[in-house]
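Colleague: Data file structure-v4.pdb (PDB, C-alpha atoms, pLDDT in the B column) is appended below.
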```pdb
ATOM      1  CA  MET A   1     -12.355 -12.365 -62.761  1.00 41.00           C
ATOM      2  CA  LEU A   2      -9.106 -10.398 -62.785  1.00 46.00           C
ATOM      3  CA  ALA A   3      -7.089 -13.569 -63.403  1.00 43.00           C
ATOM      4  CA  THR A   4      -8.736 -13.892 -66.849  1.00 47.00           C
ATOM      5  CA  MET A   5      -8.178 -10.243 -67.726  1.00 77.00           C
ATOM      6  CA  ILE A   6      -4.458  -9.839 -67.142  1.00 88.00           C
ATOM      7  CA  GLU A   7      -1.410 -11.823 -68.199  1.00 92.00           C
ATOM      8  CA  TRP A   8       0.395 -14.200 -65.829  1.00 94.00           C
ATOM      9  CA  LEU A   9       4.160 -13.808 -66.235  1.00 95.00           C
ATOM     10  CA  THR A  10       7.167 -16.002 -65.701  1.00 90.00           C
ATOM     11  CA  GLU A  11      10.544 -14.368 -65.062  1.00 84.00           C
ATOM     12  CA  GLN A  12      11.444 -14.702 -68.757  1.00 87.00           C
ATOM     13  CA  ASP A  13       8.255 -13.220 -70.191  1.00 94.00           C
ATOM     14  CA  PRO A  14       8.344  -9.640 -71.435  1.00 95.00           C
ATOM     15  CA  PHE A  15       5.889  -7.231 -69.903  1.00 97.00           C
ATOM     16  CA  PRO A  16       2.714  -6.684 -71.914  1.00 96.00           C
ATOM     17  CA  PRO A  17       2.275  -3.288 -73.577  1.00 97.00           C
ATOM     18  CA  THR A  18       1.210  -0.823 -70.906  1.00 97.00           C
ATOM     19  CA  ARG A  19      -1.853   0.153 -72.951  1.00 96.00           C
ATOM     20  CA  LEU A  20      -3.296  -3.235 -71.914  1.00 95.00           C
ATOM     21  CA  ALA A  21      -3.432  -2.246 -68.222  1.00 96.00           C
ATOM     22  CA  LEU A  22      -6.909  -2.405 -66.737  1.00 95.00           C
ATOM     23  CA  GLY A  23      -8.922   0.754 -67.221  1.00 93.00           C
ATOM     24  CA  PRO A  24     -10.719   3.105 -64.839  1.00 90.00           C
ATOM     25  CA  ASP A  25     -13.986   1.157 -65.048  1.00 90.00           C
ATOM     26  CA  THR A  26     -12.437  -1.981 -63.496  1.00 92.00           C
ATOM     27  CA  ASP A  27     -11.803  -3.119 -59.925  1.00 91.00           C
ATOM     28  CA  ALA A  28      -8.046  -2.550 -60.302  1.00 93.00           C
ATOM     29  CA  PRO A  29      -7.308   0.422 -62.583  1.00 94.00           C
ATOM     30  CA  GLY A  30      -3.727   0.261 -63.829  1.00 95.00           C
ATOM     31  CA  LEU A  31      -3.144  -3.434 -63.128  1.00 96.00           C
ATOM     32  CA  LEU A  32      -1.099  -4.819 -66.018  1.00 97.00           C
ATOM     33  CA  ALA A  33       0.136  -8.307 -65.119  1.00 97.00           C
ATOM     34  CA  ALA A  34       0.952 -10.665 -62.270  1.00 97.00           C
ATOM     35  CA  GLY A  35       3.614 -13.235 -61.506  1.00 95.00           C
ATOM     36  CA  GLY A  36       7.359 -13.496 -61.824  1.00 91.00           C
ATOM     37  CA  GLU A  37      10.027 -12.537 -59.336  1.00 91.00           C
ATOM     38  CA  LEU A  38      11.389  -9.291 -57.922  1.00 94.00           C
ATOM     39  CA  SER A  39      14.921  -9.648 -59.246  1.00 95.00           C
ATOM     40  CA  VAL A  40      16.936  -6.482 -59.804  1.00 96.00           C
ATOM     41  CA  ALA A  41      17.017  -7.131 -63.546  1.00 95.00           C
ATOM     42  CA  ARG A  42      13.240  -7.523 -63.636  1.00 96.00           C
ATOM     43  CA  LEU A  43      12.692  -4.361 -61.621  1.00 97.00           C
ATOM     44  CA  GLN A  44      14.991  -2.412 -63.935  1.00 97.00           C
ATOM     45  CA  GLN A  45      12.989  -3.615 -66.943  1.00 97.00           C
ATOM     46  CA  ALA A  46       9.759  -2.608 -65.271  1.00 98.00           C
ATOM     47  CA  TYR A  47      10.704   0.887 -64.171  1.00 98.00           C
ATOM     48  CA  ARG A  48      12.255   1.731 -67.533  1.00 98.00           C
ATOM     49  CA  GLN A  49       8.787   1.151 -69.003  1.00 98.00           C
ATOM     50  CA  GLY A  50       6.893   2.982 -66.270  1.00 98.00           C
ATOM     51  CA  ILE A  51       5.752  -0.258 -64.600  1.00 98.00           C
ATOM     52  CA  PHE A  52       6.008  -0.845 -60.861  1.00 97.00           C
ATOM     53  CA  PRO A  53       5.170  -3.672 -58.414  1.00 96.00           C
ATOM     54  CA  TRP A  54       2.470  -3.233 -55.794  1.00 94.00           C
ATOM     55  CA  PHE A  55       0.858  -6.058 -53.822  1.00 92.00           C
ATOM     56  CA  GLY A  56       0.022  -7.085 -50.289  1.00 88.00           C
ATOM     57  CA  PRO A  57       0.974  -9.910 -47.940  1.00 89.00           C
ATOM     58  CA  GLY A  58       0.087 -13.335 -49.337  1.00 88.00           C
ATOM     59  CA  GLN A  59      -0.521 -11.998 -52.849  1.00 91.00           C
ATOM     60  CA  PRO A  60       1.506 -12.748 -55.983  1.00 93.00           C
ATOM     61  CA  VAL A  61       3.687 -10.047 -57.482  1.00 95.00           C
ATOM     62  CA  MET A  62       1.382  -7.638 -59.292  1.00 96.00           C
ATOM     63  CA  TRP A  63       2.631  -5.134 -61.862  1.00 97.00           C
ATOM     64  CA  TRP A  64       0.970  -1.772 -62.484  1.00 97.00           C
ATOM     65  CA  SER A  65       0.952   1.066 -64.999  1.00 97.00           C
ATOM     66  CA  THR A  66      -1.358   3.742 -63.648  1.00 95.00           C
ATOM     67  CA  ALA A  67      -3.014   6.322 -65.863  1.00 95.00           C
ATOM     68  CA  PRO A  68      -3.036   9.169 -65.336  1.00 94.00           C
ATOM     69  CA  ARG A  69       0.385   9.072 -63.699  1.00 96.00           C
ATOM     70  CA  MET A  70       1.053  11.375 -60.766  1.00 95.00           C
ATOM     71  CA  VAL A  71       4.397  13.139 -61.079  1.00 97.00           C
ATOM     72  CA  LEU A  72       6.109  16.044 -59.369  1.00 97.00           C
ATOM     73  CA  PRO A  73       7.919  18.302 -61.847  1.00 97.00           C
ATOM     74  CA  VAL A  74      10.630  19.706 -59.598  1.00 97.00           C
ATOM     75  CA  ALA A  75      10.285  23.173 -61.132  1.00 96.00           C
ATOM     76  CA  ASP A  76       6.673  23.206 -59.898  1.00 96.00           C
ATOM     77  CA  PHE A  77       7.352  22.192 -56.288  1.00 96.00           C
ATOM     78  CA  ARG A  78       5.384  24.505 -53.983  1.00 93.00           C
ATOM     79  CA  LEU A  79       7.238  25.730 -50.936  1.00 92.00           C
ATOM     80  CA  THR A  80       4.453  26.722 -48.575  1.00 91.00           C
ATOM     81  CA  ARG A  81       4.959  29.375 -45.928  1.00 92.00           C
ATOM     82  CA  SER A  82       4.832  26.802 -43.137  1.00 94.00           C
ATOM     83  CA  LEU A  83       7.319  24.463 -44.842  1.00 94.00           C
ATOM     84  CA  ARG A  84       9.634  27.403 -45.547  1.00 94.00           C
ATOM     85  CA  LYS A  85       9.657  28.242 -41.818  1.00 95.00           C
ATOM     86  CA  THR A  86      10.230  24.576 -40.940  1.00 96.00           C
ATOM     87  CA  LEU A  87      13.184  24.320 -43.332  1.00 97.00           C
ATOM     88  CA  GLN A  88      14.717  27.570 -42.132  1.00 95.00           C
ATOM     89  CA  ARG A  89      14.488  26.409 -38.530  1.00 96.00           C
ATOM     90  CA  PHE A  90      15.869  22.971 -39.453  1.00 97.00           C
ATOM     91  CA  ARG A  91      18.833  24.440 -41.348  1.00 95.00           C
ATOM     92  CA  ARG A  92      19.921  26.746 -38.533  1.00 95.00           C
ATOM     93  CA  THR A  93      19.501  24.222 -35.698  1.00 96.00           C
ATOM     94  CA  PRO A  94      22.678  22.361 -34.671  1.00 96.00           C
ATOM     95  CA  GLY A  95      22.351  18.625 -34.951  1.00 96.00           C
ATOM     96  CA  CYS A  96      19.851  18.755 -37.836  1.00 97.00           C
ATOM     97  CA  ALA A  97      20.944  17.383 -41.201  1.00 97.00           C
ATOM     98  CA  VAL A  98      19.806  15.693 -44.381  1.00 98.00           C
ATOM     99  CA  ARG A  99      21.826  12.671 -45.444  1.00 98.00           C
ATOM    100  CA  ILE A 100      21.645  10.350 -48.429  1.00 98.00           C
ATOM    101  CA  ASP A 101      22.097   6.573 -48.275  1.00 98.00           C
ATOM    102  CA  THR A 102      23.503   6.374 -44.751  1.00 98.00           C
ATOM    103  CA  ALA A 103      20.625   4.310 -43.329  1.00 98.00           C
ATOM    104  CA  PHE A 104      18.756   2.750 -46.238  1.00 98.00           C
ATOM    105  CA  PRO A 105      17.720  -0.468 -44.413  1.00 97.00           C
ATOM    106  CA  GLN A 106      16.213   1.587 -41.592  1.00 97.00           C
ATOM    107  CA  VAL A 107      14.400   3.907 -44.007  1.00 98.00           C
ATOM    108  CA  ILE A 108      12.687   1.118 -45.943  1.00 97.00           C
ATOM    109  CA  ALA A 109      11.839  -0.670 -42.690  1.00 95.00           C
ATOM    110  CA  HIS A 110      10.249   2.503 -41.287  1.00 95.00           C
ATOM    111  CA  CYS A 111       8.327   3.048 -44.537  1.00 94.00           C
ATOM    112  CA  ALA A 112       6.988  -0.502 -44.225  1.00 92.00           C
ATOM    113  CA  GLY A 113       6.144  -0.259 -40.552  1.00 84.00           C
ATOM    114  CA  THR A 114       4.768   3.254 -40.081  1.00 73.00           C
ATOM    115  CA  PRO A 115       0.944   3.215 -39.731  1.00 59.00           C
ATOM    116  CA  ARG A 116      -0.929   5.262 -42.342  1.00 56.00           C
ATOM    117  CA  PRO A 117      -4.493   6.590 -42.104  1.00 53.00           C
ATOM    118  CA  GLY A 118      -6.926   4.396 -43.995  1.00 50.00           C
ATOM    119  CA  GLN A 119      -4.407   1.611 -44.645  1.00 53.00           C
ATOM    120  CA  ASP A 120      -4.186  -1.827 -43.098  1.00 54.00           C
ATOM    121  CA  GLY A 121      -0.807  -3.494 -43.429  1.00 51.00           C
ATOM    122  CA  THR A 122       1.788  -2.537 -46.037  1.00 68.00           C
ATOM    123  CA  TRP A 123       2.714  -3.258 -49.620  1.00 79.00           C
ATOM    124  CA  ILE A 124       6.408  -3.097 -48.622  1.00 87.00           C
ATOM    125  CA  VAL A 125       6.413  -6.761 -47.662  1.00 88.00           C
ATOM    126  CA  GLU A 126       9.557  -8.716 -46.782  1.00 90.00           C
ATOM    127  CA  GLY A 127      10.198  -9.769 -50.375  1.00 90.00           C
ATOM    128  CA  VAL A 128       9.928  -6.175 -51.558  1.00 93.00           C
ATOM    129  CA  GLN A 129      12.345  -5.010 -48.868  1.00 95.00           C
ATOM    130  CA  ARG A 130      14.898  -7.674 -49.829  1.00 95.00           C
ATOM    131  CA  ALA A 131      14.631  -6.822 -53.526  1.00 96.00           C
ATOM    132  CA  TYR A 132      15.092  -3.093 -53.030  1.00 97.00           C
ATOM    133  CA  LEU A 133      17.946  -3.665 -50.563  1.00 97.00           C
ATOM    134  CA  ASP A 134      19.689  -5.685 -53.290  1.00 97.00           C
ATOM    135  CA  TRP A 135      18.992  -2.925 -55.793  1.00 98.00           C
ATOM    136  CA  HIS A 136      20.267  -0.310 -53.355  1.00 98.00           C
ATOM    137  CA  GLN A 137      23.538  -2.212 -53.069  1.00 97.00           C
ATOM    138  CA  GLN A 138      23.877  -1.926 -56.841  1.00 96.00           C
ATOM    139  CA  GLY A 139      23.638   1.856 -56.557  1.00 96.00           C
ATOM    140  CA  GLN A 140      20.269   2.664 -58.149  1.00 98.00           C
ATOM    141  CA  VAL A 141      17.987   2.880 -55.108  1.00 98.00           C
ATOM    142  CA  HIS A 142      18.546   5.748 -52.683  1.00 98.00           C
ATOM    143  CA  SER A 143      17.289   7.072 -49.364  1.00 98.00           C
ATOM    144  CA  PHE A 144      16.964  10.730 -48.382  1.00 98.00           C
ATOM    145  CA  GLU A 145      17.077  10.938 -44.601  1.00 98.00           C
ATOM    146  CA  THR A 146      16.127  13.564 -42.014  1.00 98.00           C
ATOM    147  CA  TRP A 147      18.365  13.433 -38.927  1.00 98.00           C
ATOM    148  CA  VAL A 148      18.024  15.285 -35.618  1.00 98.00           C
ATOM    149  CA  ASP A 149      20.702  14.894 -32.932  1.00 97.00           C
ATOM    150  CA  GLY A 150      21.890  11.600 -34.382  1.00 96.00           C
ATOM    151  CA  GLU A 151      18.370  10.160 -34.662  1.00 98.00           C
ATOM    152  CA  LEU A 152      16.690   9.210 -37.937  1.00 98.00           C
ATOM    153  CA  VAL A 153      13.296  10.943 -37.728  1.00 98.00           C
ATOM    154  CA  GLY A 154      12.010  10.790 -41.296  1.00 97.00           C
ATOM    155  CA  GLY A 155      12.863  10.087 -44.878  1.00 97.00           C
ATOM    156  CA  LEU A 156      11.984   8.578 -48.205  1.00 97.00           C
ATOM    157  CA  TYR A 157      13.421   6.171 -50.726  1.00 98.00           C
ATOM    158  CA  GLY A 158      13.221   5.759 -54.481  1.00 98.00           C
ATOM    159  CA  ILE A 159      14.897   4.629 -57.664  1.00 98.00           C
ATOM    160  CA  ASN A 160      17.217   6.536 -59.977  1.00 98.00           C
ATOM    161  CA  LEU A 161      17.541   5.550 -63.633  1.00 98.00           C
ATOM    162  CA  GLY A 162      19.441   8.027 -65.756  1.00 98.00           C
ATOM    163  CA  ARG A 163      17.916  11.430 -65.064  1.00 98.00           C
ATOM    164  CA  MET A 164      14.704  10.073 -63.600  1.00 98.00           C
ATOM    165  CA  PHE A 165      13.778   9.583 -59.955  1.00 98.00           C
ATOM    166  CA  TYR A 166      10.903   7.306 -58.981  1.00 98.00           C
ATOM    167  CA  GLY A 167       9.622   8.058 -55.494  1.00 96.00           C
ATOM    168  CA  GLU A 168       8.465   4.974 -53.603  1.00 95.00           C
ATOM    169  CA  SER A 169       7.539   5.719 -49.987  1.00 94.00           C
ATOM    170  CA  MET A 170       8.033   8.180 -47.133  1.00 94.00           C
ATOM    171  CA  PHE A 171       7.825   8.108 -43.351  1.00 95.00           C
ATOM    172  CA  ALA A 172       7.942  10.612 -40.509  1.00 95.00           C
ATOM    173  CA  LEU A 173       8.503  10.049 -36.802  1.00 95.00           C
ATOM    174  CA  ARG A 174       8.362  13.797 -36.163  1.00 95.00           C
ATOM    175  CA  THR A 175       6.192  16.505 -37.685  1.00 94.00           C
ATOM    176  CA  ASP A 176       7.269  17.456 -41.226  1.00 95.00           C
ATOM    177  CA  ALA A 177      10.310  15.144 -41.194  1.00 97.00           C
ATOM    178  CA  SER A 178       9.262  13.487 -44.452  1.00 95.00           C
ATOM    179  CA  LYS A 179       8.518  16.868 -46.046  1.00 95.00           C
ATOM    180  CA  ILE A 180      12.058  17.987 -45.213  1.00 97.00           C
ATOM    181  CA  ALA A 181      13.416  14.915 -46.994  1.00 97.00           C
ATOM    182  CA  LEU A 182      11.173  15.588 -50.000  1.00 96.00           C
ATOM    183  CA  ALA A 183      12.314  19.215 -50.186  1.00 97.00           C
ATOM    184  CA  ALA A 184      15.919  17.999 -50.096  1.00 98.00           C
ATOM    185  CA  LEU A 185      15.176  15.548 -52.915  1.00 98.00           C
ATOM    186  CA  VAL A 186      13.701  18.388 -54.978  1.00 97.00           C
ATOM    187  CA  CYS A 187      16.879  20.429 -54.432  1.00 97.00           C
ATOM    188  CA  PHE A 188      19.063  17.458 -55.375  1.00 98.00           C
ATOM    189  CA  CYS A 189      17.045  16.847 -58.539  1.00 98.00           C
ATOM    190  CA  ARG A 190      17.212  20.497 -59.569  1.00 97.00           C
ATOM    191  CA  ALA A 191      20.974  20.468 -59.067  1.00 97.00           C
ATOM    192  CA  HIS A 192      21.461  17.304 -61.148  1.00 97.00           C
ATOM    193  CA  GLY A 193      19.128  17.907 -64.065  1.00 97.00           C
ATOM    194  CA  ILE A 194      16.362  15.539 -62.943  1.00 98.00           C
ATOM    195  CA  GLU A 195      13.177  17.252 -64.050  1.00 98.00           C
ATOM    196  CA  VAL A 196      10.496  14.900 -62.751  1.00 98.00           C
ATOM    197  CA  ILE A 197       9.873  12.721 -59.684  1.00 98.00           C
ATOM    198  CA  ASP A 198       7.439   9.864 -60.266  1.00 97.00           C
ATOM    199  CA  CYS A 199       4.781   9.624 -57.542  1.00 94.00           C
ATOM    200  CA  GLN A 200       2.705   6.781 -59.095  1.00 88.00           C
ATOM    201  CA  GLN A 201      -0.643   7.449 -57.413  1.00 80.00           C
ATOM    202  CA  GLU A 202      -2.734  10.614 -57.742  1.00 77.00           C
ATOM    203  CA  THR A 203      -3.485  12.294 -54.403  1.00 77.00           C
ATOM    204  CA  SER A 204      -4.700  15.721 -53.356  1.00 78.00           C
ATOM    205  CA  HIS A 205      -1.697  16.027 -51.014  1.00 79.00           C
ATOM    206  CA  LEU A 206       0.773  15.661 -53.885  1.00 83.00           C
ATOM    207  CA  ALA A 207      -1.276  18.029 -56.024  1.00 84.00           C
ATOM    208  CA  SER A 208      -1.057  20.651 -53.270  1.00 87.00           C
ATOM    209  CA  MET A 209       2.750  20.388 -53.421  1.00 88.00           C
ATOM    210  CA  GLY A 210       2.908  20.890 -57.186  1.00 92.00           C
ATOM    211  CA  GLY A 211       2.183  17.397 -58.455  1.00 94.00           C
ATOM    212  CA  SER A 212       0.530  16.878 -61.831  1.00 94.00           C
ATOM    213  CA  ALA A 213      -1.456  14.019 -63.353  1.00 94.00           C
ATOM    214  CA  TRP A 214       0.136  13.100 -66.690  1.00 96.00           C
ATOM    215  CA  PRO A 215      -1.388  10.898 -69.393  1.00 96.00           C
ATOM    216  CA  ARG A 216       0.421   7.579 -69.730  1.00 96.00           C
ATOM    217  CA  GLU A 217       1.759   8.565 -73.167  1.00 97.00           C
ATOM    218  CA  ALA A 218       3.352  11.764 -71.824  1.00 98.00           C
ATOM    219  CA  PHE A 219       4.943   9.939 -68.903  1.00 98.00           C
ATOM    220  CA  GLU A 220       6.377   7.158 -71.047  1.00 98.00           C
ATOM    221  CA  SER A 221       7.654   9.658 -73.600  1.00 98.00           C
ATOM    222  CA  HIS A 222       9.526  11.438 -70.821  1.00 98.00           C
ATOM    223  CA  LEU A 223      11.026   8.152 -69.623  1.00 98.00           C
ATOM    224  CA  LYS A 224      12.336   7.324 -73.089  1.00 98.00           C
ATOM    225  CA  ARG A 225      14.082  10.681 -73.164  1.00 98.00           C
ATOM    226  CA  VAL A 226      15.794  10.496 -69.762  1.00 98.00           C
ATOM    227  CA  VAL A 227      16.374   6.945 -68.478  1.00 98.00           C
ATOM    228  CA  ASP A 228      19.475   6.384 -70.620  1.00 97.00           C
ATOM    229  CA  LEU A 229      21.135   9.700 -69.764  1.00 98.00           C
ATOM    230  CA  PRO A 230      24.159   9.611 -67.420  1.00 98.00           C
ATOM    231  CA  PRO A 231      22.922   9.429 -63.807  1.00 97.00           C
ATOM    232  CA  PRO A 232      24.257  11.649 -61.004  1.00 97.00           C
ATOM    233  CA  THR A 233      27.522  10.351 -59.621  1.00 96.00           C
ATOM    234  CA  ASP A 234      27.676  12.234 -56.310  1.00 96.00           C
ATOM    235  CA  TRP A 235      24.961  10.999 -53.940  1.00 97.00           C
ATOM    236  CA  THR A 236      25.747  13.236 -50.989  1.00 97.00           C
ATOM    237  CA  TYR A 237      23.711  16.113 -49.637  1.00 97.00           C
ATOM    238  CA  ASP A 238      25.633  19.346 -49.235  1.00 95.00           C
ATOM    239  CA  GLU A 239      24.079  22.339 -47.474  1.00 94.00           C
ATOM    240  CA  SER A 240      24.636  24.410 -50.612  1.00 95.00           C
ATOM    241  CA  LEU A 241      21.925  22.400 -52.377  1.00 97.00           C
ATOM    242  CA  TRP A 242      19.245  24.230 -50.389  1.00 96.00           C
ATOM    243  CA  SER A 243      19.918  27.253 -52.611  1.00 95.00           C
ATOM    244  CA  HIS A 244      18.123  25.471 -55.444  1.00 93.00           C
ATOM    245  CA  LEU A 245      14.927  25.825 -53.457  1.00 89.00           C
ATOM    246  CA  PHE A 246      15.259  29.105 -51.637  1.00 81.00           C
ATOM    247  CA  GLU A 247      16.731  31.186 -54.432  1.00 64.00           C
ATOM    248  CA  THR A 248      13.637  30.598 -56.579  1.00 49.00           C
ATOM    249  CA  ALA A 249      10.928  30.521 -53.927  1.00 44.00           C
TER     250      ALA A 249
END
```
Before we go any further, please render this structure as C-alpha cells.

Modeller:
Amino acid sequence: MLATMIEWLTEQDPFPPTRLALGPDTDAPGLLAAGGELSVARLQQAYRQGIFPWFGPGQPVMWWSTAPRMVLPVADFRLTRSLRKTLQRFRRTPGCAVRIDTAFPQVIAHCAGTPRPGQDGTWIVEGVQRAYLDWHQQGQVHSFETWVDGELVGGLYGINLGRMFYGESMFALRTDASKIALAALVCFCRAHGIEVIDCQQETSHLASMGGSAWPREAFESHLKRVVDLPPPTDWTYDESLWSHLFETA
C-alpha cells in the first residue's frame, strides 16, 4: 500500500530527498510524502526544493515531486495566430485590462470552483485556499487577472521565489481569458528576468504553448540557481509590458 511506501511527516520533519518520490510504475508517480500542515513556512520549504502539495477533499496533505517536470521557458512561449488576434483586440478595446493582485481571493476561489473536463471536485480545498491567502498576504503569491468592463473574467495565480514563478491554477469565465492572463505573466517574467514558469504536470496543451518536460535534476538545478536571487519589487502590470511579447513574436 502507498502508506508503507512513502514517509509520513510531522510539521518538524524535513522533506525526504526528492529522488525517493514514487516512480512511473506506481499508482501515484511523483508522490513523495504525506502529512504535516500547510503553514507558509512549510510551503516555502517545499517549493524551494521543487515539492508541491496536491490532494483532494478528505485526504491528508500529500507532497509531490513530479518527474519529468513540466515547465514553460518564457523565451519559448508560442504566440499562436489566434491568440495574437485575441490579444490585439483585447489591448485596443476600452474597459479591457490585465491587473496583478487586485482580486486574489476571487481568483483562487474561481480556480477552485470552475468545472474542468474530466475532473470531479478540486484539489484547491478550503485549507489550501486559506494557506495560499496567508502566503499572498506575505507578498509571495500573486494573481494575474483579466478584466473586462470592471468584471473579473479570467486569471491565474502562482508563487514567486526569487526569480522563479510557480504556476498553480487558471480559470476562464470567457473564451481565452486565462490565456490572456498567461500571456501577461510571460511578458512580466521576461521583463523581470524570470526565465521559467513551473507548470508541475505534463500536458499536451502546455506543450503546444512552448512547455517542456525537464528531468528532475535539471529542474532542481535551476531552482538552486534562481530562488535566492532578488525577486521583482513592482507587481503591477503596465501596458508597456506587452512589448516583451509582440516585439519578438

Colleague: Hey, what's within 7 Å of region 50-66 of chain A if we count only C-alpha atoms and toss same-chain stuff fewer than 5 positions away? As a ChimeraX atom specification, please?

Modeller: /A:18,21,29-36,122-123,125,200,220

Colleague: Looking at A:Asp176, A:Glu239, A:Glu37, A:Glu126, which one is nearest to Leu9 (chain A), with distances taken over all atoms listed in the file?

Modeller: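 Looking at the shortest contact to Leu9 (chain A), the residue is A:Glu37.
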
Colleague: Just how far from CA of Met170 (chain A) is CA of Val98 (chain A), in Å to one decimal?

Modeller: 14.2 Å

Colleague: Written as number ranges by chain, what is the full residue list that the PyMOL selection byres ((chain A and resi 165) around 8) yields on the file shown?

Modeller: A: 158-161, 163-164, 166-167, 194, 196-198

Colleague: Restricting it to C-alpha atoms, dump the selection as an mmCIF file, in the frame of the given file.

Modeller:
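Dumped to result15.cif:
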```
data_model
loop_
_atom_site.group_PDB
_atom_site.id
_atom_site.type_symbol
_atom_site.label_atom_id
_atom_site.label_comp_id
_atom_site.auth_asym_id
_atom_site.auth_seq_id
_atom_site.Cartn_x
_atom_site.Cartn_y
_atom_site.Cartn_z
ATOM 1 C CA GLY A 158 13.221 5.759 -54.481
ATOM 2 C CA ILE A 159 14.897 4.629 -57.664
ATOM 3 C CA ASN A 160 17.217 6.536 -59.977
ATOM 4 C CA LEU A 161 17.541 5.550 -63.633
ATOM 5 C CA ARG A 163 17.916 11.430 -65.064
ATOM 6 C CA MET A 164 14.704 10.073 -63.600
ATOM 7 C CA TYR A 166 10.903 7.306 -58.981
ATOM 8 C CA GLY A 167 9.622 8.058 -55.494
ATOM 9 C CA ILE A 194 16.362 15.539 -62.943
ATOM 10 C CA VAL A 196 10.496 14.900 -62.751
ATOM 11 C CA ILE A 197 9.873 12.721 -59.684
ATOM 12 C CA ASP A 198 7.439 9.864 -60.266
#
```

Colleague: From the options A:Gly155, A:Pro73, A:Gly210, A:Pro24, which residue's atoms come nearest to Ala184 (chain A), counting all atoms listed in the file?

Modeller: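 Among the listed residues, the smallest separation from Ala184 (chain A) belongs to A:Gly155.
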
Colleague: State, in Å with one decimal place, the distance from CA of Trp135 (chain A) to CA of Val40 (chain A).

Modeller: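 A separation of 5.7 Å between them.
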
Colleague: Take the PyMOL selection byres ((chain A and resi 139-149) around 7), apply it to the structure above, and return the hits as an NGL selection string.

Modeller: :A and (95-101 or 104 or 107 or 132 or 135-138 or 150-161 or 177 or 180-181 or 185)

Colleague: Using all atoms listed in the file, find the one residue out of A:Val71, A:Val128, A:Leu241, A:Leu223 that sits nearest to Tyr47 (chain A).

Modeller: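 Residue with the minimum atom-to-atom distance to Tyr47 (chain A): A:Leu223.
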
Colleague: Work out how far CA of Phe90 (chain A) is from CA of Gly211 (chain A), in Å to one decimal.

Modeller: 24.1 Å

Colleague: Could you tell me which of A:Ala183, A:Cys111, A:Met209, A:Ala131 comes closest to Phe171 (chain A) if we count only C-alpha atoms?

Modeller: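 Nearest candidate to Phe171 (chain A) out of A:Ala183, A:Cys111, A:Met209, A:Ala131: A:Cys111.
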
Colleague: Each side padded by 3 Å, which centre and which edge lengths in Å (one decimal) define the axis-aligned box around the listed atoms of region 17-35 of chain A? Give them as lines of an AutoDock Vina configuration file.

Modeller:
```
center_x = -5.2
center_y = -5.1
center_z = -66.8
size_x = 23.6
size_y = 22.3
size_z = 19.7
```

Colleague: Go through A:Ala218, A:Arg130, A:Lys179, A:Phe188 and flag the residue nearest Thr80 (chain A), using all atoms listed in the file for the distances.

Modeller: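 Counting all atoms listed in the file, the residue closest to Thr80 (chain A) is A:Lys179.
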
Colleague: Find, counting only C-alpha atoms, the residue in A:Trp214, A:His192, A:Ser243, A:Ile124 that gets nearest to Leu229 (chain A).

Modeller: A:His192

Colleague: Apply the PyMOL selection byres ((chain A and resi 68) around 9) to the structure shown and report the selected residues as an NGL selection string.

Modeller: :A and (66-67 or 69-70 or 200-202 or 213-216 or 219)
